[in-house]
Every structure is written in structure tokens, then in C-alpha cells.
file data07.tsv (TSV, C-alpha atoms)
chain	number	residue	atom	x	y	z
S	1	MET	CA	167.42	64.01	62.39
S	2	THR	CA	167.81	66.52	59.57
S	3	VAL	CA	166.79	70.12	60.15
S	4	ILE	CA	166.32	72.39	57.15
S	5	VAL	CA	167.13	76.00	57.95
S	6	GLN	CA	165.32	78.58	55.89
S	7	GLU	CA	166.88	81.96	55.18
S	8	PRO	CA	165.72	84.58	57.67
S	9	VAL	CA	163.58	87.34	56.26
S	10	VAL	CA	165.53	90.51	57.00
S	11	ASN	CA	164.40	93.97	56.01
S	12	ASN	CA	167.55	95.64	54.71
S	13	ALA	CA	165.80	98.97	54.49
S	14	ASN	CA	166.21	99.33	58.26
S	15	THR	CA	162.80	100.90	58.41
S	16	ALA	CA	161.61	101.86	61.85
S	17	ALA	CA	158.68	103.64	63.39
S	18	THR	CA	157.73	104.58	66.90
S	19	ALA	CA	154.48	103.61	68.52
S	20	THR	CA	152.87	104.00	71.89
S	21	VAL	CA	151.71	101.05	73.94
S	22	VAL	CA	148.39	101.66	75.66
S	23	GLU	CA	147.25	99.44	78.50
S	24	ASN	CA	143.94	100.01	80.30
S	25	GLU	CA	143.74	103.45	78.67
S	26	ASN	CA	147.09	104.47	80.20
S	27	VAL	CA	150.20	105.16	78.17
S	28	VAL	CA	152.75	102.56	79.23
S	29	ASP	CA	155.82	103.16	77.08
S	30	GLU	CA	157.06	103.91	73.61
S	31	VAL	CA	158.37	101.08	71.48
S	32	LEU	CA	160.33	100.85	68.27
S	33	LEU	CA	159.01	98.76	65.40
S	34	LEU	CA	161.92	97.31	63.44
S	35	ASP	CA	161.55	94.57	60.84
S	36	GLY	CA	158.25	93.61	62.44
S	37	PHE	CA	159.78	93.17	65.90
S	38	VAL	CA	158.56	95.31	68.79
S	39	ILE	CA	161.53	96.76	70.67
S	40	PRO	CA	160.96	98.19	74.16
S	41	LYS	CA	162.17	101.74	74.67
S	42	SER	CA	164.10	100.83	77.81
S	43	ASN	CA	165.59	97.83	79.57
S	44	ALA	CA	164.66	96.38	82.97
S	45	PHE	CA	166.36	99.35	84.67
S	46	GLY	CA	164.55	101.96	82.59
S	47	HIS	CA	167.77	102.83	80.68
S	48	ASN	CA	168.80	102.50	77.06
S	49	PHE	CA	170.04	99.03	76.14
S	50	ARG	CA	173.77	98.32	76.51
S	51	ASP	CA	174.44	101.78	77.95
S	52	TYR	CA	177.79	101.34	79.70
S	53	GLU	CA	178.13	105.04	80.43
S	54	LYS	CA	174.86	105.46	82.30
S	55	GLU	CA	175.43	106.41	85.91
S	56	SER	CA	173.76	103.72	87.96
S	57	SER	CA	174.37	101.33	90.80
S	58	ARG	CA	175.61	98.78	88.23
S	59	ASN	CA	178.18	101.03	86.61
S	60	ALA	CA	181.00	100.34	89.08
S	61	ILE	CA	180.27	96.61	89.00
S	62	LEU	CA	180.38	96.59	85.18
S	63	GLU	CA	183.65	98.48	85.00
S	64	GLU	CA	185.34	96.22	87.54
S	65	PHE	CA	184.03	93.15	85.72
S	66	TYR	CA	185.47	94.26	82.37
S	67	ARG	CA	188.75	95.34	83.95
S	68	LYS	CA	189.28	91.78	85.24
S	69	ASN	CA	187.95	90.23	82.05
S	70	HIS	CA	190.18	92.22	79.70
S	71	ILE	CA	193.30	91.70	81.78
S	72	ASN	CA	192.90	87.96	82.27
S	73	GLN	CA	191.40	86.76	78.99
S	74	THR	CA	194.58	85.78	77.17
S	75	TYR	CA	195.19	83.52	74.18
S	76	GLU	CA	196.94	80.95	76.40
S	77	PHE	CA	194.20	81.01	79.04
S	78	ALA	CA	191.39	80.47	76.53
S	79	ARG	CA	193.16	77.60	74.77
S	80	LYS	CA	193.87	75.92	78.11
S	81	MET	CA	190.24	76.21	79.25
S	82	LYS	CA	188.93	74.96	75.92
S	83	GLU	CA	191.18	71.89	76.10
S	84	GLN	CA	190.13	71.18	79.69
S	85	TYR	CA	186.38	71.57	79.24
S	86	ALA	CA	186.17	69.84	75.86
S	87	LYS	CA	186.43	66.60	77.86
S	88	LEU	CA	182.81	67.14	79.02
S	89	ASP	CA	183.41	65.21	82.22
S	90	LYS	CA	182.22	67.44	85.06
S	91	ALA	CA	178.58	66.57	85.85
S	92	ARG	CA	175.26	65.42	84.38
S	93	MET	CA	171.81	66.95	84.31
S	94	SER	CA	168.88	67.60	82.00
S	95	ILE	CA	168.37	70.81	80.09
S	96	TRP	CA	165.57	71.96	82.39
S	97	GLU	CA	167.57	71.11	85.51
S	98	CYS	CA	170.35	73.24	84.08
S	99	CYS	CA	167.93	76.13	83.44
S	100	GLU	CA	166.72	75.98	87.04
S	101	LEU	CA	170.28	75.86	88.34
S	102	LEU	CA	170.93	79.23	86.70
S	103	ASN	CA	168.26	80.81	88.93
S	104	GLU	CA	171.01	81.17	91.52
S	105	TYR	CA	173.00	83.61	89.40
S	106	VAL	CA	172.77	87.14	88.01
S	107	ASP	CA	175.12	88.15	85.20
S	108	GLU	CA	177.38	90.93	86.54
S	109	SER	CA	178.39	91.96	83.02
S	110	ASP	CA	174.86	92.70	81.85
S	111	PRO	CA	173.79	96.36	82.07
S	112	ASP	CA	170.22	95.44	81.08
S	113	LEU	CA	169.20	92.64	83.41
S	114	ASP	CA	169.17	91.72	87.08
S	115	GLU	CA	166.64	88.89	86.93
S	116	PRO	CA	167.54	85.19	87.34
S	117	GLN	CA	168.84	83.68	84.13
S	118	ILE	CA	165.86	81.39	83.50
S	119	GLU	CA	163.71	84.53	83.12
S	120	HIS	CA	165.95	85.81	80.33
S	121	LEU	CA	166.11	82.43	78.59
S	122	LEU	CA	162.34	82.17	78.46
S	123	GLN	CA	161.86	85.83	77.52
S	124	SER	CA	164.12	85.32	74.51
S	125	ALA	CA	162.59	81.99	73.53
S	126	GLU	CA	159.00	83.20	73.83
S	127	ALA	CA	159.69	86.35	71.80
S	128	ILE	CA	161.21	84.28	68.99
S	129	ARG	CA	158.46	81.69	69.23
S	130	LYS	CA	155.88	84.43	68.61
S	131	ASP	CA	157.54	85.73	65.43
S	132	TYR	CA	158.99	82.42	64.16
S	133	PRO	CA	156.39	79.81	65.24
S	134	ASP	CA	157.61	77.18	62.79
S	135	GLU	CA	161.34	77.40	63.65
S	136	ASP	CA	161.32	75.20	66.74
S	137	TRP	CA	165.11	74.76	66.50
S	138	LEU	CA	165.39	78.52	67.08
S	139	HIS	CA	163.10	78.34	70.13
S	140	LEU	CA	165.36	75.69	71.63
S	141	THR	CA	168.51	77.59	70.71
S	142	ALA	CA	167.16	80.56	72.64
S	143	LEU	CA	166.36	78.37	75.63
S	144	ILE	CA	169.85	76.85	75.84
S	145	HIS	CA	172.08	79.64	74.51
S	146	ASP	CA	173.19	80.77	77.99
S	147	LEU	CA	173.30	77.40	79.76
S	148	GLY	CA	177.10	77.48	79.75
S	149	LYS	CA	176.80	79.94	82.66
S	150	VAL	CA	176.66	76.89	84.91
S	151	LEU	CA	180.45	77.33	84.91
S	152	LEU	CA	179.71	79.64	87.83
S	153	HIS	CA	178.42	76.68	89.86
S	154	PRO	CA	180.75	74.70	92.19
S	155	SER	CA	179.97	71.48	90.31
S	156	PHE	CA	181.51	73.01	87.19
S	157	GLY	CA	184.49	74.82	88.66
S	158	ALA	CA	182.94	77.87	90.39
S	159	HIS	CA	184.70	80.14	87.93
S	160	PRO	CA	184.74	83.91	88.51
S	161	GLN	CA	182.26	85.89	86.43
S	162	TRP	CA	185.00	87.41	84.26
S	163	ALA	CA	185.74	83.88	82.95
S	164	VAL	CA	182.10	83.02	82.24
S	165	VAL	CA	180.04	86.00	81.07
S	166	GLY	CA	180.45	89.29	79.21
S	167	ASP	CA	181.09	90.24	75.58
S	168	THR	CA	183.39	87.84	73.76
S	169	PHE	CA	186.18	88.64	71.32
S	170	PRO	CA	188.93	86.89	69.32
S	171	LEU	CA	192.26	86.19	71.01
S	172	GLY	CA	195.53	85.73	69.15
S	173	CYS	CA	195.15	89.01	67.27
S	174	ALA	CA	194.74	92.71	68.05
S	175	PHE	CA	191.92	93.83	70.35
S	176	ASP	CA	189.53	95.98	68.33
S	177	ASP	CA	188.55	99.41	69.63
S	178	SER	CA	184.86	98.48	69.31
S	179	ILE	CA	185.06	96.08	72.28
S	180	VAL	CA	183.40	97.57	75.35
S	181	HIS	CA	185.86	99.14	77.83
S	182	HIS	CA	188.68	98.55	75.35
S	183	HIS	CA	191.17	100.61	77.41
S	184	PHE	CA	191.51	97.83	79.99
S	185	PHE	CA	193.28	95.63	77.43
S	186	LYS	CA	196.45	97.66	77.95
S	187	GLU	CA	197.12	95.52	81.02
S	188	ASN	CA	196.57	92.24	79.17
S	189	PRO	CA	199.85	90.30	78.58
S	190	ASP	CA	198.87	89.76	74.92
S	191	TYR	CA	198.61	93.51	74.30
S	192	GLU	CA	202.36	93.98	73.87
S	193	ASN	CA	203.07	90.55	72.35
S	194	PRO	CA	204.14	91.15	68.71
S	195	ALA	CA	202.95	87.68	67.71
S	196	LEU	CA	199.42	88.39	68.98
S	197	ASN	CA	198.79	92.12	68.66
S	198	THR	CA	198.59	92.63	64.90
S	199	LYS	CA	195.39	92.73	62.85
S	200	LEU	CA	195.64	89.05	61.84
S	201	GLY	CA	197.96	87.78	64.59
S	202	VAL	CA	198.08	83.98	64.37
S	203	TYR	CA	195.33	83.86	61.72
S	204	THR	CA	195.03	84.34	57.96
S	205	GLU	CA	192.58	86.47	56.00
S	206	ASN	CA	189.11	84.83	55.77
S	207	CYS	CA	190.32	81.75	57.66
S	208	GLY	CA	186.86	81.19	59.15
S	209	LEU	CA	185.65	81.77	62.70
S	210	ASP	CA	185.81	78.04	63.43
S	211	LYS	CA	189.61	78.44	63.46
S	212	VAL	CA	189.54	81.43	65.81
S	213	THR	CA	190.19	81.15	69.54
S	214	MET	CA	187.50	83.23	71.27
S	215	SER	CA	187.69	84.58	74.80
S	216	TRP	CA	186.64	81.84	77.20
S	217	GLY	CA	183.16	81.79	78.69
S	218	HIS	CA	179.69	80.32	78.63
S	219	ASP	CA	179.28	80.78	74.87
S	220	GLU	CA	182.34	78.72	73.99
S	221	TYR	CA	181.56	76.10	76.60
S	222	MET	CA	177.97	75.48	75.50
S	223	TYR	CA	179.19	75.32	71.90
S	224	LEU	CA	181.68	72.61	72.91
S	225	VAL	CA	178.93	70.69	74.70
S	226	ALA	CA	176.65	70.76	71.67
S	227	LYS	CA	179.28	70.11	69.01
S	228	GLY	CA	181.11	67.47	71.04
S	229	ASN	CA	177.98	65.37	71.36
S	230	ASN	CA	176.71	65.54	67.78
S	231	THR	CA	173.77	67.84	68.40
S	232	THR	CA	170.93	67.80	65.91
S	233	LEU	CA	170.75	71.60	65.99
S	234	PRO	CA	171.49	73.06	62.54
S	235	PRO	CA	174.76	74.95	61.91
S	236	ALA	CA	172.95	78.25	62.48
S	237	GLY	CA	172.02	77.14	65.99
S	238	LEU	CA	175.64	76.31	66.82
S	239	PHE	CA	176.81	79.62	65.35
S	240	ILE	CA	174.31	81.51	67.49
S	241	ILE	CA	175.35	79.70	70.66
S	242	ARG	CA	179.04	80.35	70.10
S	243	PHE	CA	178.90	83.96	68.92
S	244	HIS	CA	175.82	85.54	70.52
S	245	SER	CA	178.06	87.61	72.84
S	246	PHE	CA	180.45	88.62	70.02
S	247	TYR	CA	178.99	92.14	69.84
S	248	ALA	CA	182.08	93.59	68.15
S	249	LEU	CA	181.14	91.48	65.13
S	250	HIS	CA	177.37	91.45	64.93
S	251	ARG	CA	176.76	94.98	66.22
S	252	CYS	CA	179.89	96.87	65.10
S	253	GLY	CA	181.03	94.92	62.03
S	254	SER	CA	184.54	94.31	63.41
S	255	TYR	CA	186.68	91.24	62.62
S	256	THR	CA	184.82	90.50	59.38
S	257	TYR	CA	188.20	89.85	57.74
S	258	LEU	CA	188.39	86.59	59.72
S	259	MET	CA	185.06	85.32	58.36
S	260	ASN	CA	184.59	82.91	55.47
S	261	ASP	CA	181.53	82.62	53.24
S	262	GLU	CA	179.73	80.19	55.55
S	263	ASP	CA	180.21	82.55	58.51
S	264	LYS	CA	178.63	85.36	56.50
S	265	GLU	CA	175.55	83.23	55.83
S	266	MET	CA	175.24	82.22	59.49
S	267	LEU	CA	175.61	85.84	60.59
S	268	ASN	CA	172.16	86.59	59.13
S	269	TRP	CA	170.56	84.23	61.64
S	270	LEU	CA	172.71	85.59	64.49
S	271	LYS	CA	171.47	89.10	63.79
S	272	VAL	CA	167.89	87.83	63.86
S	273	PHE	CA	168.50	86.09	67.17
S	274	ASN	CA	170.38	89.00	68.73
S	275	LYS	CA	167.46	91.40	68.78
S	276	TYR	CA	165.39	88.88	70.73
S	277	ASP	CA	168.30	88.09	73.05
S	278	LEU	CA	168.94	91.77	73.77
S	279	TYR	CA	165.60	93.53	73.62
S	280	SER	CA	163.68	90.91	75.59
S	281	LYS	CA	165.56	92.19	78.68
S	282	SER	CA	162.69	94.46	79.63
S	283	LYS	CA	159.95	94.55	82.23
S	284	VAL	CA	157.99	91.83	80.45
S	285	ARG	CA	157.78	88.80	82.73
S	286	ILE	CA	157.19	85.19	81.71
S	287	ASN	CA	155.01	82.75	83.64
S	288	VAL	CA	157.49	79.88	83.88
S	289	GLU	CA	154.97	77.20	84.81
S	290	GLU	CA	152.70	78.23	81.96
S	291	VAL	CA	155.31	77.82	79.21
S	292	LYS	CA	157.30	74.99	80.79
S	293	PRO	CA	155.23	72.15	79.22
S	294	TYR	CA	155.97	73.42	75.69
S	295	TYR	CA	159.72	73.51	76.23
S	296	LEU	CA	159.78	70.16	77.99
S	297	SER	CA	157.89	68.73	75.03
S	298	LEU	CA	160.34	70.38	72.63
S	299	ILE	CA	163.32	68.96	74.50
S	300	GLN	CA	161.92	65.46	74.87
S	301	LYS	CA	160.19	65.02	71.51
S	302	VAL	CA	161.56	67.38	68.89
S	303	TYR	CA	165.18	67.40	70.04
S	304	ILE	CA	165.39	64.26	72.13
S	305	TYR	CA	169.03	63.69	71.14
S	306	ILE	CA	170.05	67.03	72.60
S	307	TYR	CA	168.27	66.13	75.82
S	308	ILE	CA	170.12	62.82	76.01
S	309	TYR	CA	173.61	64.14	75.34
S	310	ILE	CA	173.30	67.01	77.80
S	311	TYR	CA	171.91	64.71	80.47
S	312	ASN	CA	174.75	62.26	80.10
S	313	TYR	CA	177.68	64.52	79.40
S	314	MET	CA	177.01	68.14	80.11
S	315	ILE	CA	179.86	69.86	81.85

call {"tool": "encode", "arguments": {"input": "data07.tsv", "output": "C-alpha cells"}}
result
Amino acid sequence: MTVIVQEPVVNNANTAATATVVENENVVDEVLLLDGFVIPKSNAFGHNFRDYEKESSRNAILEEFYRKNHINQTYEFARKMKEQYAKLDKARMSIWECCELLNEYVDESDPDLDEPQIEHLLQSAEAIRKDYPDEDWLHLTALIHDLGKVLLHPSFGAHPQWAVVGDTFPLGCAFDDSIVHHHFFKENPDYENPALNTKLGVYTENCGLDKVTMSWGHDEYMYLVAKGNNTTLPPAGLFIIRFHSFYALHRCGSYTYLMNDEDKEMLNWLKVFNKYDLYSKSKVRINVEEVKPYYLSLIQKVYIYIYIYIYNYMI
């Protein structure tokens, strides 16, 4: 099946305005209107989004998570995990079964969310569906973008959270200062390796992100699952799945010297997706049973090939 991806409509003026949400004559919260998208003022905890300095009960957990992540995510480790999991020989289940499996886990690296993962998947997908009703490939991408977190489950290796979730970043070259909790990289074996700690490291200028070894986790794994089984998702969908946690790139503009022209085109769609992925982590709840029929229909009818390959080969 061929999917034609239209260019996203992005307002480069970065215009924004504040508004007040009124519910039953009571002021509920302020929101930010950006490019037509309504952004909540605060996340599920009532804090600013991605605030890693905010004193809260999650702060110590976040710091310990990124300490382990930044010490253990090495170039050798990521390449070894990619080779192992590219075999796609661990278990089999449908997309929806995989979504439900994630209900058992909360992402320790996320300062914005403490709800089961299926809530976040549907929050993101429903927000995109509202603004992009005709881009059903984008709805499905939102639904499956985090499914690689099943790596936490015993059937898929029961990996520690530091090897599954969190912001991702290139390995094989210098760690950029824009990466959250960058100071922990000083204990990473690659930090002092002269072959891996320069700006380009093992890469060449504009080599393309497809040639870059990213830190290992759910993003890379789900990308391998999709690509390895000839998904019918368009290239933009694959790019979103693989790089949606690469905040140093799509939020800070770091590592652009590794991108080629195709990456730059795909980055437009990633930036569109990111605001729904991030800012849907609010107090808005989704009635799972109410929206489930639409997504089952999307899986089984619109993207039946994705349903088949994940059922037969996933993880």
C-alpha cells in the first residue's frame, strides 16, 4: 500500500497567545495557543513540562535514572543490543495486546507522566486525530510510537529502565551539552575514548541519521520492528518512531551536522508530532473503551500489514 505524506503546515512565525479555559463557569487553567494547537499550562503533576530541576518526589528517581543511563549507554552496548534484537525472535502479539501489556509500567524517566502507558499513547493519538483527521498514518504512529517499551517485560528481556526509556542521543561521537543531566556522561567509558569523543567521532559530516548508532531503547527497537518487517508506514512515520525521544535534536537543534537533506524534511513531521507527544501529558483522560473501536479498525483495515507483522514477529 502506498501512503502519500503531505507537508505539515507549520507556522514559522512562532505566534502564541494565552487563553483561559472555562468549565461550568469556573476557571480551570490557562493554555497556550501555538500553531493552532492548545497546549496545557502544566503537566499531570501541575509542573512545567520537562522540568528536571523542579523539586518533587520524582526528582531523585529521575536523577538516578539518568545517572545509570548515561554511564551504561555506550557505543558498544547499543550496537550489541541492536544486533541481538534485530532478529525479532522474542514473542508474538497484536498491537492492541502490546498496548495493554504496557499498562503494567510507568516510565521512570518521564517528569510529566505517572499514568499507565496506554493512557499516554491514546492521549497523543487522539490529540493528533483531532487536528489531522485525514492523516490516519499519523494516528497509528502515535498509537505505536512507544510500544518498544515492552522491553521492560520478562518476555522481552526484562531490561532495566535505563536501557529502555529516556531521552536518546547519538553514540560514537561527543555527548552534547544539551542532553539532560549531561554531567553524568563523565563516568561513561566512551567519554575519554579519543575515537568516540570528538564532534564527528566515527561519522562524517551530513552522513545521515540512518548511519548513526543511537542510544539503545524502545525507540530504536520499535523502529527495527517496523523496518525489519516492511511496514507500510511512510518514511515520516519511521523517522518519528526512531527519533521522538531525541530531544537534543528536535528541541535544542544539536547534532544537525549529522543530518542529510532527507532527515531535514522528516524533521518537520517530527516537530509536529512532538508537541502532541509531549503536551498531551496533562490531566486530560481518555475513555479507552470509547476510542478502542476506531484504533482496532485502523489497525485491521487501514494498516493490516502492520498488524500482521507485529503479531507474527514483534519482539

call {"tool": "axis_aligned_box", "arguments": {"input": "data07.tsv", "around": "range 186-204 of chain S", "padding_each_side": "5 Å", "output": "AutoDock Vina command-line options"}}
result
--center_x 199.6 --center_y 90.8 --center_z 69.5 --size_x 19.1 --size_y 23.8 --size_z 33.1

call {"tool": "atom_distance", "arguments": {"input": "data07.tsv", "atom1": "CA of Asn260 in chain S", "atom2": "CA of Ala174 in chain S"}}
result
18.9 Å

call {"tool": "residues_around", "arguments": {"input": "data07.tsv", "residues": "Arg129 in chain S", "least_positions_apart": "4", "cutoff": "12 Å", "atoms": "only C-alpha atoms", "output": "PyMOL selection string"}}
result
chain S and resi 122-125+133-143+273+276+291+294-295+298

call {"tool": "atom_distance", "arguments": {"input": "data07.tsv", "atom1": "CA of Ser215 in chain S", "atom2": "CA of Leu121 in chain S"}}
result
22.0 Å

call {"tool": "atom_distance", "arguments": {"input": "data07.tsv", "atom1": "CA of Tyr75 in chain S", "atom2": "CA of Pro234 in chain S"}}
result
28.4 Å

call {"tool": "closest_residue", "arguments": {"input": "data07.tsv", "among": "S:Asn72, S:Ser94, S:Thr198, S:Gln117", "to": "Asp277 in chain S", "atoms": "only C-alpha atoms"}}
result
S:Gln117

call {"tool": "closest_residue", "arguments": {"input": "data07.tsv", "among": "S:Lys130, S:Arg67, S:His218, S:Lys199", "to": "Val180 in chain S", "atoms": "all atoms listed in the file"}}
result
S:Arg67

call {"tool": "closest_residue", "arguments": {"input": "data07.tsv", "among": "S:Gln300, S:Tyr221, S:Met259, S:Glu290", "to": "Lys82 in chain S", "atoms": "only C-alpha atoms"}}
result
S:Tyr221

call {"tool": "closest_residue", "arguments": {"input": "data07.tsv", "among": "S:Pro235, S:Gly217, S:Pro154, S:Gly253", "to": "Ser178 in chain S", "atoms": "all atoms listed in the file"}}
result
S:Gly253

call {"tool": "closest_residue", "arguments": {"input": "data07.tsv", "among": "S:Glu119, S:Glu104, S:Asp261, S:Asp146", "to": "Glu289 in chain S", "atoms": "all atoms listed in the file"}}
result
S:Glu119

call {"tool": "residues_around", "arguments": {"input": "data07.tsv", "residues": "Cys207 in chain S", "least_positions_apart": "6", "cutoff": "12 Å", "atoms": "only C-alpha atoms", "output": "JSON, numbers by chain"}}
result
{"S": [200, 201, 213, 255, 256, 257, 258, 259, 260, 261, 262, 263]}

call {"tool": "closest_residue", "arguments": {"input": "data07.tsv", "among": "S:Glu83, S:Ala163, S:Lys227, S:Val288", "to": "Cys99 in chain S", "atoms": "all atoms listed in the file"}}
result
S:Val288
